[in-house]
$ cat target-v6.csv   # CSV, C-alpha atoms and all ligand atoms
chain,number,residue,atom,x,y,z
X,619,MET,CA,0.0,0.0,0.0
X,620,PRO,CA,2.0,3.1,-1.2
X,621,GLY,CA,2.3,5.9,1.3
X,622,ALA,CA,0.9,3.9,4.1
X,623,SER,CA,3.8,4.6,6.4
X,624,THR,CA,3.4,8.4,6.0
X,625,ILE,CA,-0.4,8.2,6.7
X,626,ARG,CA,0.4,6.1,9.7
X,627,GLY,CA,2.8,8.7,11.1
X,628,ALA,CA,0.5,11.7,10.5
X,629,THR,CA,-2.9,10.3,11.5
X,630,SER,CA,-4.5,9.8,14.8
X,631,ARG,CA,-5.5,6.3,15.5
X,632,SER,CA,-9.1,7.1,16.2
X,633,VAL,CA,-11.7,8.6,13.9
X,634,LYS,CA,-14.9,10.3,14.7
X,635,PHE,CA,-18.0,10.1,12.7
X,636,THR,CA,-20.6,12.7,11.9
X,637,PRO,CA,-23.3,12.9,14.7
X,638,TYR,CA,-26.0,10.3,14.5
X,639,GLU,CA,-29.5,11.8,14.7
X,640,PRO,CA,-31.6,10.2,17.4
X,641,PRO,CA,-34.6,8.3,16.0
X,642,PRO,CA,-37.9,10.3,16.0
X,643,GLY,CA,-39.8,9.9,19.2
X,644,SER,CA,-36.8,9.2,21.4
X,645,SER,CA,-36.0,11.6,24.2
X,646,GLY,CA,-33.3,13.3,22.0
X,647,ALA,CA,-29.6,13.4,22.2
X,648,PRO,CA,-28.2,13.0,25.7
X,649,LYS,CA,-26.5,16.0,27.3
X,650,ALA,CA,-22.8,16.0,27.0
X,651,ALA,CA,-21.8,13.9,29.9
X,652,SER,CA,-18.7,14.5,31.9
X,653,ALA,CA,-18.4,11.0,33.3
X,654,THR,CA,-16.0,8.8,31.4
X,655,VAL,CA,-16.8,5.5,33.1
X,656,THR,CA,-15.6,2.8,30.7
X,657,THR,CA,-16.5,-0.2,32.8
X,658,ASN,CA,-19.8,-2.2,32.4
X,659,MET,CA,-20.5,-0.6,29.0
X,660,PRO,CA,-22.8,-2.9,27.0
X,661,PHE,CA,-21.0,-4.3,24.0
X,662,LYS,CA,-21.1,-6.8,21.2
X,663,ASP,CA,-18.3,-8.6,19.4
X,664,PHE,CA,-18.3,-9.2,15.7
X,665,GLN,CA,-15.9,-11.0,13.4
X,666,VAL,CA,-15.6,-9.0,10.1
X,667,ASP,CA,-13.9,-10.4,7.0
X,668,GLY,CA,-10.9,-8.3,6.1
X,669,ILE,CA,-10.8,-6.4,9.4
X,670,GLY,CA,-10.9,-9.1,12.1
X,671,ARG,CA,-12.5,-8.5,15.5
X,672,VAL,CA,-14.7,-5.5,15.9
X,673,THR,CA,-16.1,-4.7,19.4
X,674,VAL,CA,-19.0,-2.2,19.4
X,675,TYR,CA,-19.7,-0.5,22.7
X,676,LYS,CA,-22.7,1.6,23.7
X,677,ARG,CA,-21.4,4.5,25.6
X,678,ARG,CA,-23.6,6.9,27.6
X,679,GLY,CA,-22.8,10.5,26.6
X,680,ASN,CA,-21.6,9.7,23.2
X,681,ARG,CA,-23.2,11.8,20.5
X,682,SER,CA,-21.2,10.3,17.6
X,683,LEU,CA,-19.6,7.1,16.5
X,684,ARG,CA,-15.9,6.8,17.4
X,685,LEU,CA,-13.5,4.2,16.1
X,686,THR,CA,-10.3,3.2,17.8
X,687,LEU,CA,-7.6,0.7,16.9
X,688,ALA,CA,-6.6,-1.3,20.0
X,689,PRO,CA,-4.4,-4.3,20.4
X,690,GLY,CA,-6.4,-7.3,19.4
X,691,GLY,CA,-8.9,-5.4,17.2
X,692,VAL,CA,-11.1,-2.5,16.4
X,693,ARG,CA,-13.3,-0.8,19.0
X,694,VAL,CA,-16.3,1.3,18.0
X,695,SER,CA,-18.2,3.3,20.6
X,696,ILE,CA,-21.7,4.4,19.7
X,697,PRO,CA,-24.4,6.4,21.4
X,698,THR,CA,-26.7,4.3,23.5
X,699,TRP,CA,-29.7,4.9,21.3
X,700,THR,CA,-28.1,3.6,18.1
X,701,PRO,CA,-28.2,-0.1,17.1
X,702,TYR,CA,-25.0,-2.2,17.3
X,703,VAL,CA,-25.2,-2.8,13.6
X,704,SER,CA,-24.5,1.0,12.9
X,705,GLY,CA,-21.2,0.6,14.7
X,706,LEU,CA,-20.4,-2.5,12.6
X,707,ASN,CA,-21.3,-0.7,9.4
X,708,PHE,CA,-19.2,2.2,10.4
X,709,ALA,CA,-16.2,-0.1,10.9
X,710,ARG,CA,-16.9,-1.6,7.4
X,711,SER,CA,-17.0,1.8,5.8
X,712,LYS,CA,-13.6,2.6,7.3
X,713,GLN,CA,-12.0,-0.8,6.2
X,714,GLN,CA,-9.3,0.8,4.0
X,715,TRP,CA,-8.2,3.2,6.8
X,716,ILE,CA,-8.2,0.4,9.3
X,717,VAL,CA,-6.1,-2.0,7.2
X,718,ALA,CA,-3.6,0.8,6.5
X,719,ASN,CA,-3.3,1.7,10.2
X,720,LEU,CA,-3.8,-1.6,12.0
X,721,PRO,CA,-0.2,-2.8,11.9
X,722,LEU,CA,0.6,-0.1,14.5
X,723,SER,CA,-1.7,-1.8,17.0
X,724,SER,CA,0.0,-5.2,16.7
X,725,PRO,CA,3.7,-5.6,17.6
X,726,LEU,CA,6.1,-5.0,14.7
X,727,LEU,CA,8.0,-8.0,13.5
X,728,GLN,CA,11.6,-7.4,14.7
X,729,ASN,CA,15.0,-8.4,13.4
X,730,GLY,CA,16.1,-11.5,15.4
X,731,GLN,CA,12.7,-12.4,16.6
X,732,ALA,CA,12.0,-16.1,17.1
X,733,ILE,CA,9.6,-17.6,14.6
X,734,GLY,CA,8.3,-20.8,16.1
X,735,LYS,CA,10.8,-23.2,17.7
X,736,THR,CA,13.5,-23.4,15.1
X,737,ARG,CA,13.8,-20.1,13.2
X,738,ARG,CA,14.7,-16.4,13.6
X,739,LEU,CA,13.6,-13.5,11.5
X,740,THR,CA,16.3,-11.6,9.7
X,741,PHE,CA,15.8,-8.3,7.8
X,742,VAL,CA,18.5,-7.5,5.2
X,743,PRO,CA,18.2,-3.9,4.1
X,744,GLY,CA,19.6,-2.2,1.0
X,745,VAL,CA,19.0,-5.0,-1.5
X,746,ASP,CA,18.0,-4.2,-5.1
X,747,THR,CA,14.5,-5.6,-5.1
X,748,PRO,CA,11.2,-3.8,-6.1
X,749,LYS,CA,9.9,-3.8,-2.5
X,750,ALA,CA,10.7,-6.8,-0.3
X,751,LYS,CA,11.6,-10.4,-1.1
X,752,THR,CA,11.5,-13.3,1.4
X,753,SER,CA,12.9,-16.8,1.9
X,754,VAL,CA,12.1,-19.4,4.5
X,755,ARG,CA,15.3,-21.3,5.3
X,756,LYS,CA,16.3,-24.0,7.7
X,757,ASN,CA,17.0,-21.8,10.7
X,758,GLU,CA,15.8,-18.4,9.6
X,759,VAL,CA,13.2,-16.4,7.7
X,760,VAL,CA,15.0,-13.8,5.6
X,761,VAL,CA,13.4,-10.5,4.4
X,762,TRP,CA,15.4,-8.5,1.9
X,763,LEU,CA,14.2,-4.9,1.5
X,764,ASN,CA,14.7,-2.1,-0.9
X,765,PRO,CA,17.0,0.7,0.4
X,766,ARG,CA,14.2,3.2,0.3
X,767,LEU,CA,12.1,1.2,2.7
X,768,ALA,CA,12.4,0.6,6.5
X,769,PHE,CA,11.8,-2.7,8.1
X,770,SER,CA,8.8,-1.1,9.8
X,771,ASP,CA,7.1,-0.1,6.5
X,772,ALA,CA,3.7,-1.7,6.0
X,773,VAL,CA,4.7,-3.4,2.7
X,774,VAL,CA,7.8,-4.9,4.3
X,775,GLN,CA,6.0,-6.0,7.5
X,776,HIS,CA,3.3,-7.6,5.3
X,777,ALA,CA,5.8,-9.5,3.3
X,778,ALA,CA,7.6,-10.6,6.5
X,779,GLU,CA,4.3,-11.7,8.0
X,780,GLN,CA,3.4,-13.9,5.0
X,781,ALA,CA,6.9,-15.5,5.1
X,782,CYS,CA,6.5,-16.2,8.9
X,783,TYR,CA,3.2,-17.8,8.3
X,784,ARG,CA,4.8,-20.1,5.7
X,785,ALA,CA,7.6,-20.9,8.2
X,786,LEU,CA,5.2,-21.7,11.0
X,787,LYS,CA,3.1,-23.9,8.7
X,788,SER,CA,6.1,-25.9,7.6
X,789,GLU,CA,7.4,-26.3,11.1
X,790,ALA,CA,4.0,-27.3,12.4
X,791,LEU,CA,3.9,-30.0,9.7
X,792,GLN,CA,7.4,-31.2,10.6
X,793,LEU,CA,7.0,-31.2,14.4
X,794,LEU,CA,3.4,-31.7,15.2
X,795,THR,CA,2.6,-34.5,12.7
X,796,PRO,CA,5.0,-37.1,14.4
X,797,ARG,CA,3.9,-36.0,17.8
X,798,LEU,CA,0.2,-36.4,17.0
X,799,ASN,CA,1.0,-39.9,15.6
X,800,GLN,CA,3.0,-40.8,18.7
X,801,LEU,CA,0.3,-39.7,21.1
X,802,ALA,CA,-2.4,-41.5,19.0
X,803,SER,CA,-0.5,-44.8,19.1
X,804,MET,CA,0.3,-44.4,22.8
X,805,HIS,CA,-3.4,-44.0,23.7
X,806,GLY,CA,-5.0,-46.0,21.0
X,807,PHE,CA,-6.6,-43.2,18.9
X,808,SER,CA,-6.9,-43.1,15.2
X,809,TYR,CA,-7.9,-40.2,12.8
X,810,ARG,CA,-8.7,-39.8,9.2
X,811,SER,CA,-6.7,-36.8,8.1
X,812,LEU,CA,-4.5,-34.0,9.4
X,813,ASN,CA,-4.4,-30.4,8.1
X,814,PHE,CA,-2.7,-27.2,9.3
X,815,LYS,CA,-4.4,-23.8,9.0
X,816,ARG,CA,-3.9,-20.3,10.3
X,817,MET,CA,-6.9,-19.7,12.6
X,818,LYS,CA,-7.7,-16.7,14.7
X,819,THR,CA,-9.8,-18.1,17.4
X,820,ARG,CA,-9.2,-21.9,17.7
X,821,TRP,CA,-6.2,-24.0,18.4
X,822,GLY,CA,-7.5,-27.0,16.7
X,823,SER,CA,-10.7,-28.8,15.5
X,824,CYS,CA,-11.9,-32.4,14.9
X,825,ASP,CA,-15.1,-33.1,12.9
X,826,SER,CA,-17.4,-36.2,13.2
X,827,ARG,CA,-15.5,-37.9,10.4
X,828,GLN,CA,-12.3,-37.7,12.5
X,829,ASN,CA,-10.6,-35.0,10.3
X,830,ILE,CA,-8.2,-33.0,12.5
X,831,VAL,CA,-7.1,-29.4,11.8
X,832,LEU,CA,-4.4,-27.8,13.9
X,833,ASN,CA,-3.6,-24.1,14.1
X,834,ILE,CA,-0.1,-23.2,12.7
X,835,PHE,CA,0.4,-20.9,15.7
X,836,LEU,CA,0.4,-24.0,18.0
X,837,VAL,CA,4.2,-24.4,17.4
X,838,GLN,CA,4.8,-21.2,19.2
X,839,LEU,CA,3.5,-22.7,22.5
X,840,PRO,CA,5.3,-24.7,25.1
X,841,TRP,CA,5.2,-28.5,24.5
X,842,ASP,CA,2.9,-29.2,27.4
X,843,CYS,CA,0.2,-26.9,25.9
X,844,ILE,CA,0.8,-28.5,22.4
X,845,ASP,CA,0.3,-32.0,23.9
X,846,TYR,CA,-2.9,-30.8,25.5
X,847,VAL,CA,-4.3,-29.6,22.2
X,848,LEU,CA,-3.3,-32.7,20.4
X,849,LEU,CA,-4.8,-35.0,23.0
X,850,HIS,CA,-7.9,-32.8,23.1
X,851,GLU,CA,-8.5,-33.2,19.3
X,852,LEU,CA,-7.6,-36.9,19.5
X,853,THR,CA,-10.2,-37.4,22.3
X,854,HIS,CA,-12.7,-35.7,20.0
X,855,THR,CA,-12.3,-38.6,17.6
X,856,GLN,CA,-14.2,-40.6,20.2
X,857,VAL,CA,-16.3,-38.0,22.0
X,858,LEU,CA,-17.4,-35.0,19.9
X,859,HIS,CA,-18.9,-32.7,22.6
X,860,HIS,CA,-17.3,-31.1,25.6
X,861,GLY,CA,-19.6,-32.7,28.3
X,862,PRO,CA,-18.5,-34.7,31.3
X,863,ASP,CA,-17.8,-37.8,29.1
X,864,PHE,CA,-15.3,-35.8,27.2
X,865,TRP,CA,-13.4,-34.5,30.3
X,866,ALA,CA,-13.4,-38.0,31.8
X,867,ALA,CA,-11.9,-39.4,28.6
X,868,MET,CA,-9.3,-36.6,28.6
X,869,ASP,CA,-8.4,-37.2,32.2
X,870,ARG,CA,-7.5,-40.8,31.3
X,871,VAL,CA,-4.9,-39.6,28.8
X,872,LEU,CA,-3.8,-36.4,30.5
X,873,PRO,CA,-4.6,-36.3,34.2
X,874,GLY,CA,-5.6,-32.8,35.3
X,875,ALA,CA,-6.3,-31.8,31.7
X,876,ARG,CA,-8.9,-29.1,32.7
X,877,LYS,CA,-6.2,-26.9,34.1
X,878,PHE,CA,-5.0,-26.3,30.6
X,879,LYS,CA,-8.3,-24.6,29.7
X,880,ARG,CA,-7.2,-21.5,31.6
X,881,THR,CA,-3.6,-21.7,30.4
X,882,MET,CA,-4.7,-21.8,26.8
X,883,HIS,CA,-6.6,-18.5,27.3
X,884,ALA,CA,-3.3,-16.8,28.2
X,885,HIS,CA,-1.9,-17.6,24.7
X,886,GLN,CA,-2.9,-15.9,21.5
X,887,PRO,CA,-3.0,-17.4,18.1
X,888,ALA,CA,-1.0,-14.6,16.4
X,889,LEU,CA,2.6,-13.9,15.3
X,890,GLY,CA,4.9,-12.7,18.1
X,891,TYR,CA,2.8,-14.2,20.9
X,892,ALA,CA,3.7,-17.4,22.6
X,901,ZN,ZN,-12.9,-29.3,21.8
$ encode --input "target-v6.csv" --output "structure tokens" --more "lines below"
Ligand SMILES: [Zn+2]
Amino acid sequence: MPGASTIRGATSRSVKFTPYEPPPGSSGAPKAASATVTTNMPFKDFQVDGIGRVTVYKRRGNRSLRLTLAPGGVRVSIPTWTPYVSGLNFARSKQQWIVANLPLSSPLLQNGQAIGKTRRLTFVPGVDTPKAKTSVRKNEVVVWLNPRLAFSDAVVQHAAEQACYRALKSEALQLLTPRLNQLASMHGFSYRSLNFKRMKTRWGSCDSRQNIVLNIFLVQLPWDCIDYVLLHELTHTQVLHHGPDFWAAMDRVLPGARKFKRTMHAHQPALGYA
């Protein structure tokens, strides 16, 4: 996206929308409130294609729609009398701006950063290439960049991100496949197929036909968490739901498995988080 870095530098990370007229028959716009209590605000979460997570808050005293980029997603606060969908539509109308500015709200990929368990990220500046070029190697992910660009430029970060995803996928395939097979034979499970995907909200899944999908970000986690997810999905080959039967079966293969439910919430399926 040409010029994205300059826009990022010069623009505030929150935008305000033109005032929303209260519907006829309502008591009118609320008076400008001085209270800025942000707790207990009613809200709804949405997953929007091309943007990601959008949280819409109803905020007393708001006379306009306000959009803010926060770590983990987009926040829109709206007046209490407007429907949640108006906040959602506002976020959609600002998609271009959001995509150009969002990288600032997630951590920049850094030189030397660990990518999974076996690779590091290396930026090589000053190379004659149109924008950025990448390669996934045995121990590193290399990003060569044009001398006019900085490693923090959106176009370079985007190229680096895509290369890191490729690296994580190949590592997941190499490390997690044998581990899943080992755990399956240790505990007498079988499955039909195994695939690796980049997922935003789930670590893994298993359908009724015993097809297992694992999140590529799993390889960033400690091995005890990885084993928990693998055993969780293997257990689903026999018990599909999450009822008492499921947890009893899980306890037989991993005593105290429930404690990992909380541990897993502390981890995020995203680059740069472990
Ligand atoms: Zn499950």
$ closest_atom_pairs --input "target-v6.csv" --of "chain X" --to "ligand ZN 901 (chain X)" --cutoff "9 Å" --atoms "all atoms listed in the file" --output "tab-separated table"
residue	atom	partner	partner_atom	distance
X:Gly822	CA	X:ZN901	ZN	7.8
X:Ser823	CA	X:ZN901	ZN	6.7
X:Cys824	CA	X:ZN901	ZN	7.6
X:Val847	CA	X:ZN901	ZN	8.6
X:His850	CA	X:ZN901	ZN	6.2
X:Glu851	CA	X:ZN901	ZN	6.4
X:Thr853	CA	X:ZN901	ZN	8.6
X:His854	CA	X:ZN901	ZN	6.7
X:Leu858	CA	X:ZN901	ZN	7.5
X:His859	CA	X:ZN901	ZN	6.9
X:His860	CA	X:ZN901	ZN	6.1
X:Phe864	CA	X:ZN901	ZN	8.8
$ closest_residue --input "target-v6.csv" --among "X:Asn757, X:Ser826, X:Thr752, X:Thr795" --to "X:Ala778" --atoms "only C-alpha atoms"
X:Thr752
$ closest_residue --input "target-v6.csv" --among "X:Asn799, X:Gln792, X:Thr736, X:Asn829" --to "X:Arg755" --atoms "only C-alpha atoms"
X:Thr736
$ residues_around --input "target-v6.csv" --residues "X:Ser695" --least-positions-apart "5" --cutoff "6 Å" --atoms "only C-alpha atoms" --output "list in words"
Val674, Tyr675, Lys676, Leu683 and Arg684 of chain X
$ closest_residue --input "target-v6.csv" --among "X:Gln780, X:Asn833, X:Gln856, X:Gln775" --to "X:Ala802" --atoms "all atoms listed in the file"
X:Gln856
$ atom_distance --input "target-v6.csv" --atom1 "atom CA of X:Arg810" --atom2 "atom CA of X:Leu786"
22.9 Å
$ atom_distance --input "target-v6.csv" --atom1 "atom CA of X:Lys787" --atom2 "atom CA of X:Trp821"
13.4 Å
$ atom_distance --input "target-v6.csv" --atom1 "atom CA of X:Leu767" --atom2 "atom CA of X:Val745"
10.2 Å
$ residues_near_point --input "target-v6.csv" --point "(-22.6, 2.3, 29.6)" --cutoff "7 Å" --atoms "all atoms listed in the file" --output "MDAnalysis selection string"
chainID X and resid 658:660 676:678
$ closest_residue --input "target-v6.csv" --among "X:Val759, X:Val857, X:Leu794, X:Ala718" --to "X:Arg738" --atoms "all atoms listed in the file"
X:Val759
$ closest_residue --input "target-v6.csv" --among "X:Arg681, X:His776, X:Lys712, X:Lys818" --to "X:Leu727" --atoms "all atoms listed in the file"
X:His776
$ residues_around --input "target-v6.csv" --residues "X:Tyr809" --least-positions-apart "5" --cutoff "8 Å" --atoms "all atoms listed in the file" --output "PDB file with C-alpha atoms, in the coordinates of the input"
ATOM      1  CA  GLN X 828     -12.300 -37.700  12.500  1.00  0.00           C
ATOM      2  CA  ASN X 829     -10.600 -35.000  10.300  1.00  0.00           C
ATOM      3  CA  ILE X 830      -8.200 -33.000  12.500  1.00  0.00           C
ATOM      4  CA  LEU X 852      -7.600 -36.900  19.500  1.00  0.00           C
ATOM      5  CA  THR X 855     -12.300 -38.600  17.600  1.00  0.00           C
TER       6      THR X 855
END
$ closest_residue --input "target-v6.csv" --among "X:Lys756, X:Arg766, X:Lys815, X:Arg693" --to "X:Phe708" --atoms "all atoms listed in the file"
X:Arg693
$ residues_around --input "target-v6.csv" --residues "X:Lys749" --least-positions-apart "2" --cutoff "12 Å" --atoms "only C-alpha atoms" --output "list in words"
Met619, Pro620, Pro743, Gly744, Val745, Asp746, Thr747, Lys751, Thr752, Val761, Trp762, Leu763, Asn764, Pro765, Arg766, Leu767, Ala768, Phe769, Asp771, Ala772, Val773, Val774, Gln775, His776, Ala777 and Ala778 of chain X
$ residues_around --input "target-v6.csv" --residues "X:Ile844" --least-positions-apart "2" --cutoff "12 Å" --atoms "all atoms listed in the file" --output "CSV table (one decimal) with C-alpha atoms, keeping the file's coordinate frame"
chain,number,residue,atom,x,y,z
X,790,ALA,CA,4.0,-27.3,12.4
X,793,LEU,CA,7.0,-31.2,14.4
X,794,LEU,CA,3.4,-31.7,15.2
X,795,THR,CA,2.6,-34.5,12.7
X,797,ARG,CA,3.9,-36.0,17.8
X,798,LEU,CA,0.2,-36.4,17.0
X,801,LEU,CA,0.3,-39.7,21.1
X,821,TRP,CA,-6.2,-24.0,18.4
X,822,GLY,CA,-7.5,-27.0,16.7
X,832,LEU,CA,-4.4,-27.8,13.9
X,833,ASN,CA,-3.6,-24.1,14.1
X,834,ILE,CA,-0.1,-23.2,12.7
X,835,PHE,CA,0.4,-20.9,15.7
X,836,LEU,CA,0.4,-24.0,18.0
X,837,VAL,CA,4.2,-24.4,17.4
X,838,GLN,CA,4.8,-21.2,19.2
X,839,LEU,CA,3.5,-22.7,22.5
X,840,PRO,CA,5.3,-24.7,25.1
X,841,TRP,CA,5.2,-28.5,24.5
X,842,ASP,CA,2.9,-29.2,27.4
X,846,TYR,CA,-2.9,-30.8,25.5
X,847,VAL,CA,-4.3,-29.6,22.2
X,848,LEU,CA,-3.3,-32.7,20.4
X,849,LEU,CA,-4.8,-35.0,23.0
X,850,HIS,CA,-7.9,-32.8,23.1
X,851,GLU,CA,-8.5,-33.2,19.3
X,878,PHE,CA,-5.0,-26.3,30.6
X,881,THR,CA,-3.6,-21.7,30.4
X,882,MET,CA,-4.7,-21.8,26.8
X,885,HIS,CA,-1.9,-17.6,24.7
X,892,ALA,CA,3.7,-17.4,22.6
$ residues_around --input "target-v6.csv" --residues "X:Thr673" --least-positions-apart "2" --cutoff "9 Å" --atoms "only C-alpha atoms" --output "PyMOL selection string"
chain X and resi 661-665+671+675+691-695+705-706
